[in-house]
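Next up, target_20.txt (compact mmCIF, C-alpha atoms and all ligand atoms):
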# COMPACT_ATOMS: atom_id res chain seq x y z
CA MET A 1 -82.73 -6.78 49.72
CA PRO A 2 -86.49 -7.36 50.17
CA GLU A 3 -88.43 -4.33 51.35
CA THR A 4 -88.79 -5.51 54.92
CA ASP A 5 -88.93 -3.42 58.10
CA ALA A 6 -85.13 -3.73 58.28
CA TYR A 7 -84.78 -2.41 54.72
CA TRP A 8 -86.76 0.76 55.45
CA MET A 9 -85.10 1.25 58.83
CA GLN A 10 -81.73 1.06 57.10
CA ARG A 11 -82.89 3.80 54.74
CA ALA A 12 -84.02 5.91 57.73
CA ILE A 13 -80.58 5.42 59.34
CA GLU A 14 -78.85 6.63 56.16
CA LEU A 15 -81.08 9.72 56.13
CA ALA A 16 -80.35 10.42 59.80
CA LYS A 17 -76.58 10.58 59.19
CA GLN A 18 -77.05 13.72 57.12
CA GLY A 19 -77.68 15.59 60.37
CA GLU A 20 -74.22 14.83 61.80
CA GLY A 21 -72.58 18.00 63.08
CA TYR A 22 -75.77 20.06 62.58
CA VAL A 23 -78.16 18.67 65.20
CA GLU A 24 -76.09 18.29 68.38
CA PRO A 25 -76.81 18.31 71.30
CA ASN A 26 -79.90 16.69 69.77
CA PRO A 27 -79.62 13.17 68.33
CA MET A 28 -79.41 12.33 64.63
CA VAL A 29 -82.77 10.88 63.56
CA GLY A 30 -84.15 9.75 60.20
CA ALA A 31 -87.65 8.73 59.06
CA VAL A 32 -89.44 7.16 56.09
CA VAL A 33 -93.20 7.04 55.38
CA LEU A 34 -94.88 4.31 53.31
CA ASP A 35 -98.44 4.79 52.08
CA ARG A 36 -101.16 2.19 52.70
CA ASP A 37 -99.93 0.26 49.61
CA GLY A 38 -96.38 0.08 50.96
CA ILE A 39 -95.03 2.69 48.52
CA CYS A 40 -92.49 5.16 49.91
CA CYS A 41 -94.11 8.61 49.92
CA GLY A 42 -92.05 10.59 52.42
CA GLU A 43 -88.52 10.88 53.76
CA GLY A 44 -86.94 13.24 56.25
CA TRP A 45 -84.30 13.71 58.89
CA HIS A 46 -83.61 16.04 61.78
CA GLU A 47 -81.67 18.69 59.88
CA GLU A 48 -80.61 21.20 62.52
CA PHE A 49 -80.76 21.84 66.25
CA GLY A 50 -84.07 23.48 67.12
CA GLY A 51 -85.59 22.54 63.74
CA PRO A 52 -88.43 20.10 63.06
CA HIS A 53 -87.83 16.49 63.99
CA ALA A 54 -87.26 13.78 61.38
CA GLU A 55 -90.75 12.27 61.51
CA VAL A 56 -92.37 15.70 61.12
CA ASN A 57 -90.27 16.38 58.02
CA ALA A 58 -91.02 12.93 56.54
CA LEU A 59 -94.77 13.26 57.26
CA ALA A 60 -94.80 16.73 55.67
CA THR A 61 -93.40 15.34 52.40
CA ALA A 62 -95.90 12.45 52.49
CA GLY A 63 -98.90 14.79 52.98
CA SER A 64 -102.29 13.06 52.81
CA ARG A 65 -100.69 9.83 51.54
CA ALA A 66 -99.52 9.11 55.11
CA ALA A 67 -103.08 8.19 56.22
CA GLY A 68 -103.27 4.44 56.83
CA GLY A 69 -99.55 4.12 56.14
CA THR A 70 -96.42 3.15 58.09
CA LEU A 71 -93.83 5.45 59.64
CA TYR A 72 -90.26 4.19 60.12
CA VAL A 73 -88.26 6.27 62.56
CA THR A 74 -84.82 5.55 64.00
CA LEU A 75 -85.66 6.97 67.45
CA GLU A 76 -88.92 6.76 69.41
CA PRO A 77 -91.06 9.84 68.62
CA CYS A 78 -90.88 12.44 71.38
CA HIS A 79 -93.92 12.95 73.57
CA HIS A 80 -93.05 16.24 75.26
CA HIS A 81 -92.82 19.91 74.39
CA GLY A 82 -89.19 20.80 73.78
CA LYS A 83 -88.03 23.26 71.15
CA THR A 84 -90.84 21.82 68.98
CA PRO A 85 -94.30 20.33 69.80
CA PRO A 86 -94.53 16.57 70.57
CA CYS A 87 -94.00 14.39 67.47
CA THR A 88 -96.56 11.91 68.78
CA SER A 89 -99.34 14.47 68.07
CA ALA A 90 -98.04 15.02 64.54
CA VAL A 91 -98.02 11.25 63.95
CA GLU A 92 -101.54 10.82 65.33
CA THR A 93 -102.96 13.70 63.28
CA THR A 94 -101.79 12.24 59.97
CA GLY A 95 -103.70 8.99 60.50
CA ILE A 96 -100.59 6.77 60.33
CA SER A 97 -101.64 3.26 61.34
CA ARG A 98 -98.26 1.70 62.15
CA VAL A 99 -95.04 3.08 63.61
CA VAL A 100 -91.78 1.13 63.43
CA ILE A 101 -89.07 2.37 65.83
CA GLY A 102 -85.32 1.67 65.76
CA CYS A 103 -84.51 2.37 69.41
CA LEU A 104 -86.30 3.86 72.39
CA ASP A 105 -85.52 7.34 73.70
CA PRO A 106 -82.92 7.15 76.51
CA ALA A 107 -83.99 10.59 77.78
CA LYS A 108 -86.87 10.07 80.18
CA HIS A 109 -88.90 13.28 80.01
CA GLN A 110 -92.12 11.98 81.54
CA GLN A 111 -93.87 8.83 82.74
CA GLU A 112 -95.72 8.00 79.51
CA THR A 113 -93.31 7.33 76.64
CA GLY A 114 -93.94 8.18 73.00
CA ALA A 115 -94.44 4.49 72.15
CA ASP A 116 -96.92 4.04 75.04
CA TYR A 117 -98.93 7.03 73.91
CA LEU A 118 -99.10 5.90 70.27
CA ARG A 119 -100.29 2.43 71.35
CA SER A 120 -102.93 4.03 73.59
CA ARG A 121 -104.26 5.84 70.48
CA GLY A 122 -104.72 2.54 68.64
CA ILE A 123 -101.58 2.82 66.49
CA GLU A 124 -99.61 -0.39 66.03
CA VAL A 125 -96.04 0.08 67.31
CA THR A 126 -93.08 -2.20 66.60
CA SER A 127 -89.78 -1.29 68.24
CA GLY A 128 -86.23 -2.66 68.16
CA VAL A 129 -85.81 -2.93 64.37
CA LEU A 130 -82.05 -2.61 63.64
CA GLU A 131 -81.86 -1.55 67.26
CA ALA A 132 -78.05 -1.74 67.59
CA GLU A 133 -77.50 0.40 64.48
CA ALA A 134 -80.16 2.91 65.53
CA ALA A 135 -78.68 3.07 69.04
CA ALA A 136 -75.16 3.60 67.63
CA LEU A 137 -76.47 6.62 65.76
CA ILE A 138 -77.50 8.33 69.00
CA ALA A 139 -74.52 7.24 71.15
CA PRO A 140 -73.22 10.81 71.72
CA PHE A 141 -76.73 12.02 72.69
CA ARG A 142 -77.22 9.00 74.97
CA THR A 143 -73.84 9.60 76.67
CA LEU A 144 -74.75 13.23 77.34
CA MET A 145 -78.24 12.33 78.59
CA THR A 146 -77.29 9.38 80.78
CA ALA A 147 -73.70 10.07 81.91
CA GLY A 148 -73.84 13.87 81.77
CA ARG A 149 -70.60 14.02 79.80
CA PRO A 150 -69.71 14.31 76.10
CA PHE A 151 -68.95 11.33 73.87
CA VAL A 152 -65.14 11.13 73.81
CA HIS A 153 -63.27 10.55 70.56
CA GLY A 154 -59.57 9.73 71.02
CA LYS A 155 -57.37 10.62 68.05
CA TRP A 156 -53.69 10.17 67.28
CA ALA A 157 -51.29 9.84 64.39
CA MET A 158 -48.60 7.19 64.80
CA SER A 159 -45.81 5.39 63.07
CA LEU A 160 -46.00 1.74 62.06
CA ASP A 161 -44.17 0.89 65.28
CA GLY A 162 -46.81 2.62 67.40
CA ARG A 163 -45.08 5.90 68.28
CA ILE A 164 -46.71 9.35 68.34
CA ALA A 165 -43.44 11.24 68.88
CA THR A 166 -39.72 10.58 68.69
CA ARG A 167 -37.61 10.20 71.84
CA THR A 168 -36.99 13.99 71.63
CA ARG A 169 -40.81 14.48 71.53
CA HIS A 170 -40.81 15.69 67.96
CA SER A 171 -44.04 14.74 66.15
CA GLN A 172 -44.79 17.12 63.29
CA TRP A 173 -45.68 15.57 60.97
CA ILE A 174 -45.90 11.81 61.25
CA THR A 175 -48.70 11.46 58.69
CA GLY A 176 -49.14 13.07 55.28
CA PRO A 177 -51.41 15.94 54.14
CA ASP A 178 -54.34 13.70 53.14
CA ALA A 179 -54.54 12.14 56.60
CA ARG A 180 -54.21 15.54 58.24
CA LEU A 181 -57.10 16.82 56.13
CA VAL A 182 -59.31 13.99 57.46
CA GLY A 183 -58.23 15.04 60.95
CA HIS A 184 -59.37 18.60 60.24
CA GLN A 185 -62.72 17.29 58.95
CA ILE A 186 -63.23 15.40 62.21
CA ARG A 187 -62.45 18.57 64.19
CA GLY A 188 -65.04 20.41 62.10
CA ARG A 189 -67.95 18.45 63.56
CA MET A 190 -66.82 18.54 67.22
CA ASP A 191 -67.90 20.74 70.11
CA ALA A 192 -64.43 20.69 71.63
CA VAL A 193 -60.87 19.62 70.80
CA LEU A 194 -58.94 18.78 73.98
CA VAL A 195 -55.20 18.36 74.67
CA GLY A 196 -52.84 18.32 77.63
CA ILE A 197 -50.45 21.18 78.34
CA GLY A 198 -47.56 18.86 77.34
CA THR A 199 -48.77 18.88 73.73
CA VAL A 200 -49.19 22.66 73.75
CA LEU A 201 -45.68 23.22 75.13
CA HIS A 202 -44.12 20.81 72.61
CA ASP A 203 -46.13 21.57 69.48
CA ASP A 204 -47.79 24.99 69.94
CA PRO A 205 -50.83 23.74 67.98
CA LEU A 206 -53.74 25.79 66.65
CA LEU A 207 -56.33 22.99 67.01
CA THR A 208 -58.74 24.70 64.59
CA ALA A 209 -60.43 22.96 61.63
CA ARG A 210 -58.80 24.03 58.38
CA PRO A 211 -60.82 24.53 56.23
CA PRO A 212 -63.56 25.35 58.76
CA GLY A 213 -66.21 22.71 59.36
CA ILE A 214 -69.85 22.74 60.40
CA ARG A 215 -69.05 23.66 64.01
CA THR A 216 -66.33 25.73 65.62
CA ALA A 217 -64.85 23.59 68.37
CA THR A 218 -63.80 25.16 71.65
CA ARG A 219 -60.11 24.44 72.22
CA VAL A 220 -59.69 22.89 75.66
CA VAL A 221 -56.38 22.50 77.51
CA LEU A 222 -55.74 20.59 80.75
CA ASP A 223 -53.14 22.72 82.49
CA SER A 224 -53.08 22.32 86.28
CA GLN A 225 -50.51 25.08 86.90
CA ALA A 226 -51.74 27.55 84.24
CA ARG A 227 -48.54 27.24 82.20
CA LEU A 228 -50.20 28.04 78.85
CA PRO A 229 -47.86 30.61 77.24
CA LEU A 230 -49.42 34.00 76.54
CA ASP A 231 -47.69 34.02 73.15
CA SER A 232 -48.93 30.54 72.15
CA HIS A 233 -50.95 30.12 68.95
CA LEU A 234 -53.95 29.15 71.07
CA VAL A 235 -53.96 32.38 73.07
CA LYS A 236 -53.16 34.56 70.08
CA THR A 237 -56.09 33.14 68.08
CA ASN A 238 -58.74 33.08 70.80
CA LYS A 239 -61.02 35.35 68.75
CA GLU A 240 -61.16 32.70 65.97
CA ALA A 241 -62.21 29.93 68.35
CA PRO A 242 -62.65 29.98 72.13
CA VAL A 243 -59.95 28.63 74.43
CA LEU A 244 -61.07 26.95 77.66
CA LEU A 245 -58.35 26.18 80.20
CA PHE A 246 -58.83 23.81 83.13
CA VAL A 247 -56.45 24.60 85.97
CA SER A 248 -56.19 23.24 89.49
CA GLU A 249 -57.42 25.08 92.58
CA THR A 250 -53.78 25.82 93.47
CA ALA A 251 -52.83 27.48 90.15
CA GLU A 252 -51.23 30.88 90.67
CA GLN A 253 -53.92 33.57 90.61
CA GLN A 254 -51.70 36.09 88.80
CA ARG A 255 -51.12 33.63 85.91
CA VAL A 256 -54.84 32.90 85.75
CA GLN A 257 -55.63 36.61 85.61
CA GLN A 258 -53.12 37.23 82.80
CA LEU A 259 -54.64 34.43 80.75
CA GLU A 260 -58.16 35.72 81.39
CA GLU A 261 -57.12 39.21 80.33
CA ALA A 262 -55.74 37.67 77.12
CA GLY A 263 -59.22 36.23 76.39
CA VAL A 264 -58.89 32.68 77.74
CA THR A 265 -61.73 31.24 79.81
CA VAL A 266 -60.20 29.63 82.89
CA VAL A 267 -62.03 27.09 85.05
CA ARG A 268 -60.58 25.92 88.34
CA ILE A 269 -61.22 22.27 89.05
CA SER A 270 -60.20 19.78 91.76
CA ASN A 271 -57.11 17.59 91.39
CA ASP A 272 -56.97 13.82 90.95
CA ALA A 273 -54.65 11.59 92.98
CA HIS A 274 -51.74 12.51 90.64
CA TRP A 275 -52.19 16.26 91.18
CA HIS A 276 -53.50 16.75 87.66
CA VAL A 277 -56.89 18.33 87.08
CA ASP A 278 -59.53 15.65 87.56
CA ILE A 279 -60.48 14.54 84.07
CA GLU A 280 -63.88 13.17 85.10
CA HIS A 281 -64.81 16.60 86.47
CA VAL A 282 -63.53 18.20 83.28
CA LEU A 283 -65.84 16.01 81.18
CA LYS A 284 -68.81 16.73 83.47
CA GLU A 285 -68.11 20.44 83.12
CA LEU A 286 -68.08 20.09 79.32
CA GLY A 287 -71.35 18.16 79.62
CA THR A 288 -73.01 20.99 81.53
CA ARG A 289 -72.01 23.22 78.61
CA GLN A 290 -74.05 20.86 76.37
CA MET A 291 -70.96 19.68 74.52
CA THR A 292 -71.88 16.40 72.84
CA ASN A 293 -68.68 15.36 71.01
CA VAL A 294 -65.13 16.00 72.24
CA LEU A 295 -62.03 15.09 70.26
CA VAL A 296 -59.06 14.33 72.48
CA GLU A 297 -55.91 14.77 70.42
CA GLY A 298 -53.44 13.77 73.09
CA GLY A 299 -50.88 13.58 74.21
CA SER A 300 -50.05 10.25 75.67
CA SER A 301 -50.65 11.24 79.32
CA VAL A 302 -54.12 12.66 78.73
CA LEU A 303 -55.21 9.75 76.53
CA GLY A 304 -53.83 7.39 79.19
CA SER A 305 -55.80 9.14 81.96
CA LEU A 306 -58.98 8.73 79.94
CA TRP A 307 -58.31 5.14 78.90
CA ASP A 308 -57.54 4.06 82.47
CA ARG A 309 -60.93 5.45 83.51
CA ASP A 310 -62.82 3.86 80.60
CA LEU A 311 -63.68 7.28 79.24
CA ILE A 312 -62.84 6.88 75.54
CA ASP A 313 -65.82 5.96 73.38
CA GLU A 314 -64.43 6.00 69.85
CA VAL A 315 -60.93 6.09 68.36
CA HIS A 316 -59.54 7.62 65.19
CA VAL A 317 -56.02 6.41 64.47
CA PHE A 318 -53.83 7.38 61.54
CA VAL A 319 -50.95 5.01 60.86
CA ALA A 320 -48.02 6.17 58.73
CA PRO A 321 -45.77 3.72 56.87
CA LYS A 322 -42.76 4.89 58.92
CA ILE A 323 -40.73 3.42 61.75
CA ILE A 324 -39.56 5.81 64.47
CA GLY A 325 -37.90 3.29 66.77
CA GLY A 326 -36.35 3.95 70.15
CA SER A 327 -37.54 2.58 73.46
CA GLU A 328 -38.03 6.13 74.74
CA ALA A 329 -40.16 7.28 71.84
CA LEU A 330 -43.73 7.95 72.99
CA GLY A 331 -46.66 5.55 72.54
CA PRO A 332 -50.19 6.95 72.06
CA VAL A 333 -51.88 5.84 75.27
CA GLY A 334 -49.92 6.33 78.52
CA GLY A 335 -51.35 5.97 82.01
CA VAL A 336 -51.24 2.62 83.79
CA GLY A 337 -52.88 0.47 81.11
CA ARG A 338 -54.28 -3.04 81.50
CA ASP A 339 -52.44 -5.80 83.40
CA LYS A 340 -53.49 -8.88 81.45
CA VAL A 341 -54.45 -9.60 77.85
CA PRO A 342 -57.97 -10.83 78.75
CA ASP A 343 -58.57 -7.41 80.38
CA ILE A 344 -57.95 -5.58 77.10
CA THR A 345 -60.99 -3.85 75.66
CA SER A 346 -61.67 -4.62 71.98
CA LEU A 347 -62.98 -2.09 69.55
CA ARG A 348 -65.91 -2.95 67.34
CA GLY A 349 -67.23 -1.89 63.97
CA MET A 350 -63.67 -1.08 62.86
CA ASN A 351 -63.31 0.75 59.57
CA MET A 352 -60.12 1.01 57.58
CA GLN A 353 -59.38 3.47 54.81
CA LEU A 354 -56.25 4.37 52.85
CA VAL A 355 -55.68 8.15 52.89
CA GLY A 356 -52.69 9.08 50.79
CA GLU A 357 -49.92 6.82 52.06
CA ASP A 358 -51.42 6.47 55.54
CA VAL A 359 -54.12 4.20 56.94
CA TYR A 360 -57.09 5.65 58.84
CA LEU A 361 -58.64 3.24 61.35
CA HIS A 362 -61.68 4.09 63.39
CA GLY A 363 -64.07 2.20 65.58
CA ARG A 364 -65.95 2.30 68.84
CA VAL A 365 -64.94 0.94 72.20
CA GLY A 366 -66.87 -2.26 72.98
CA ARG A 367 -69.46 -0.77 75.35
CA SER A 368 -70.38 2.34 73.25
N1 LIG B 1 -48.78 12.11 66.97
C1 LIG B 1 -49.84 12.58 67.58
O1 LIG B 1 -50.97 12.34 67.20
C2 LIG B 1 -49.64 13.46 68.78
C3 LIG B 1 -50.76 14.16 69.30
C4 LIG B 1 -50.58 14.95 70.43
C5 LIG B 1 -49.33 15.02 71.03
N2 LIG B 1 -48.30 14.34 70.49
C6 LIG B 1 -46.99 14.38 71.15
O2 LIG B 1 -47.14 13.93 72.48
C7 LIG B 1 -46.22 14.61 73.32
C8 LIG B 1 -46.99 15.22 74.47
O3 LIG B 1 -47.58 14.19 75.20
P1 LIG B 1 -47.46 14.14 76.77
O4 LIG B 1 -48.01 12.84 77.22
O5 LIG B 1 -46.07 14.48 77.13
O6 LIG B 1 -48.36 15.38 77.22
P2 LIG B 1 -49.94 15.69 77.23
O7 LIG B 1 -50.70 14.45 77.46
O8 LIG B 1 -50.25 16.53 76.07
O9 LIG B 1 -50.01 16.62 78.51
C9 LIG B 1 -49.71 16.07 79.76
C10 LIG B 1 -49.87 17.12 80.81
O10 LIG B 1 -51.22 17.52 80.89
C11 LIG B 1 -51.49 17.94 82.20
N3 LIG B 1 -52.69 17.30 82.71
C12 LIG B 1 -53.67 17.94 83.39
N4 LIG B 1 -54.60 17.11 83.77
C13 LIG B 1 -54.24 15.89 83.34
C14 LIG B 1 -54.83 14.62 83.49
N5 LIG B 1 -55.97 14.44 84.16
N6 LIG B 1 -54.20 13.56 82.96
C15 LIG B 1 -53.03 13.72 82.30
N7 LIG B 1 -52.43 14.91 82.14
C16 LIG B 1 -53.02 16.00 82.67
C17 LIG B 1 -50.30 17.52 83.06
O11 LIG B 1 -49.55 18.68 83.34
P3 LIG B 1 -49.98 19.55 84.61
O12 LIG B 1 -49.89 18.64 85.79
O13 LIG B 1 -49.02 20.69 84.62
O14 LIG B 1 -51.37 19.96 84.37
C18 LIG B 1 -49.51 16.61 82.16
O15 LIG B 1 -48.14 16.65 82.41
C19 LIG B 1 -45.53 15.64 72.46
O16 LIG B 1 -44.30 15.14 72.05
C20 LIG B 1 -46.45 15.79 71.27
O17 LIG B 1 -45.73 16.16 70.12
C21 LIG B 1 -48.42 13.57 69.39
Once you've parsed the file, please lay out its structure as structure tokens.
Ligand SMILES: NC(=O)c1ccc[n+]([C@@H]2O[C@H](COP(=O)([O-])OP(=O)(O)OC[C@H]3O[C@@H](n4cnc5c(N)ncnc54)[C@H](OP(=O)(O)O)[C@@H]3O)[C@@H](O)[C@H]2O)c1
Amino acid sequence: MPETDAYWMQRAIELAKQGEGYVEPNPMVGAVVLDRDGICCGEGWHEEFGGPHAEVNALATAGSRAAGGTLYVTLEPCHHHGKTPPCTSAVETTGISRVVIGCLDPAKHQQETGADYLRSRGIEVTSGVLEAEAAALIAPFRTLMTAGRPFVHGKWAMSLDGRIATRTRHSQWITGPDARLVGHQIRGRMDAVLVGIGTVLHDDPLLTARPPGIRTATRVVLDSQARLPLDSHLVKTNKEAPVLLFVSETAEQQRVQQLEEAGVTVVRISNDAHWHVDIEHVLKELGTRQMTNVLVEGGSSVLGSLWDRDLIDEVHVFVAPKIIGGSEALGPVGGVGRDKVPDITSLRGMNMQLVGEDVYLHGRVGRS
């Protein structure tokens, strides 16, 4: 591949991905610096929340060679004081003469943007290079900034005939140990793992990442009537990872109090038209807690509620070479569903991987 703007932006995108799980609620960002002769002299990425931004790290490795050079950065340099000083000042100070940006910052902090400021200082700015790829990198950050809710990952393990449980609601385990390990790795970079009370009552899951990952996800249960058993694995392990229970305004106060005394955080929330806790309010509440990525592990009713409201952004599906059969066995996404084939939402950027004997498919919902 010739060393074009797209080539260097691709490199910056690869660097950015190393921040996944470490930087949230900040976005993943990567940067590359070329000297005035077009030789790469600096690379960097945003490594951890609160730490220096990608362009500052890349410029630091370039040192004096940055003067007169080009900076490639996947996200528009910030132009405000946050946890760190504005990156635009750092860029200006080094004498960089050109800045190439992947995508613009969706978070509007002030009137003058980073790109505007750099141009006003006589620096050439090109934006929109590999824009779709750069924007995909910051999708969770953008969702939190613009919709005020976390990016929602839907996950399930199913048989070849599309069932997540038998007709008796037995589901452990449909997939093999390799696929389950990938599932644990996904949990390990999430802010929350969410299920409905149906799954807890049937499976008594732990919902922790084993082995532990980069982050410890809060375990969230939607449980309108506060039915979560006090002797469930979730309650008994609440010192290992927090448990956050969403109950309706009518849940029995005595039950709520018992759960709180057992260490569970209980939040009362309004009901939807079906007398379940309102899932949109739940997501907003998680957003106010700065949760950027939430993994919804089911069951069918909860995934259906989300899908019907267009609230799933990415899916992770594990397919086992097994047939469960039975018209009453459970499919992964309940709710109402779509009426007509043209109304069906396609996923894009699908990836497929063989893990042990199972297939792991993941991709994003069209609009994400
Ligand atoms: N293979 C897999 O990957 C997998 C993963 C998970 C589960 N499963 C299986 O799926 C089955 C459980 O699925 P399920 O559909 O019966 O239960 P579920 O989706 O886990 O939980 C449904 C319950 O959650 C509560 N809820 C609260 N707010 C809700 C909302 N906004 N939308 C929907 N539900 C809400 C409702 O009870 P309240 O009204 O009392 O709040 C509802 O009955 C089990 O058999 C389990 O083994 C399989």
Hey, which bits of region 166-230 of chain A sit within 12 Å of region 304-314 of chain A, and for each residue what's the closest pair of atoms and how far apart in Å (one decimal), counting all atoms listed in the file, rows by chain and increasing number, as a tab-separated table?
residue	atom	partner	partner_atom	distance
A:Leu194	CA	A:Leu306	CA	11.7
A:Val195	CA	A:Leu306	CA	11.6
A:Gly196	CA	A:Ser305	CA	10.6
A:Leu222	CA	A:Ser305	CA	11.5
Deliver the residues from the most recent selection as a file, using C-alpha atoms, as a tab-separated table (two decimals), keeping the file's coordinate frame.
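Contents of again-v1.tsv, freshly written:
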chain	number	residue	atom	x	y	z
A	194	LEU	CA	-58.94	18.78	73.98
A	195	VAL	CA	-55.20	18.36	74.67
A	196	GLY	CA	-52.84	18.32	77.63
A	222	LEU	CA	-55.74	20.59	80.75
| query | Got a sec to check which residues lie within 8 Å of ligand LIG 1 (chain B), using only C-alpha atoms and all ligand atoms, and send them as an MDAnalysis selection string? | reply | chainID A and resid 155:158 163:166 168:174 195:200 202:203 221:227 246:248 271:272 274:279 297:306 330 332 334:335
| query | What's the 7 Å shell around Glu76 (chain A), counting only C-alpha atoms, without same-chain residues fewer than 4 positions away, as a list in words? | reply |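 The contact residues come out as Ile101, Cys103, Leu104, Asp105, Gly114 and Ala115 of chain A.
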| request: Excluding Glu260 (chain A) and any residue of its chain fewer than 6 positions from it, enumerate the residues within 10 Å of it, using all atoms listed in the file, and give them as a list in words. | output: Val235, Leu244, Leu245, Gln254 and Val266 of chain A
4 Å per side around region 238-243 of chain A: axis-aligned box centre and edge lengths, as JSON:
{"center_x": -60.7, "center_y": 32.0, "center_z": 70.2, "size_x": 11.9, "size_y": 14.7, "size_z": 16.5}
| message | So that I can see what lies close to His80 (chain A), please list as a ChimeraX atom specification the residues with an atom at most 12 Å from it, counting all atoms listed in the file and leaving out residues fewer than 2 positions away in the same chain. | response | /A:76-78,82-90,105,107-114,117
| Taking into account only C-alpha atoms, which residue in the set A:Lys340, A:His53, A:Arg98, A:His153 is nearest to Leu71 (chain A)? |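 Between A:Lys340, A:His53, A:Arg98, A:His153, the residue approaching Leu71 (chain A) most closely is A:Arg98.
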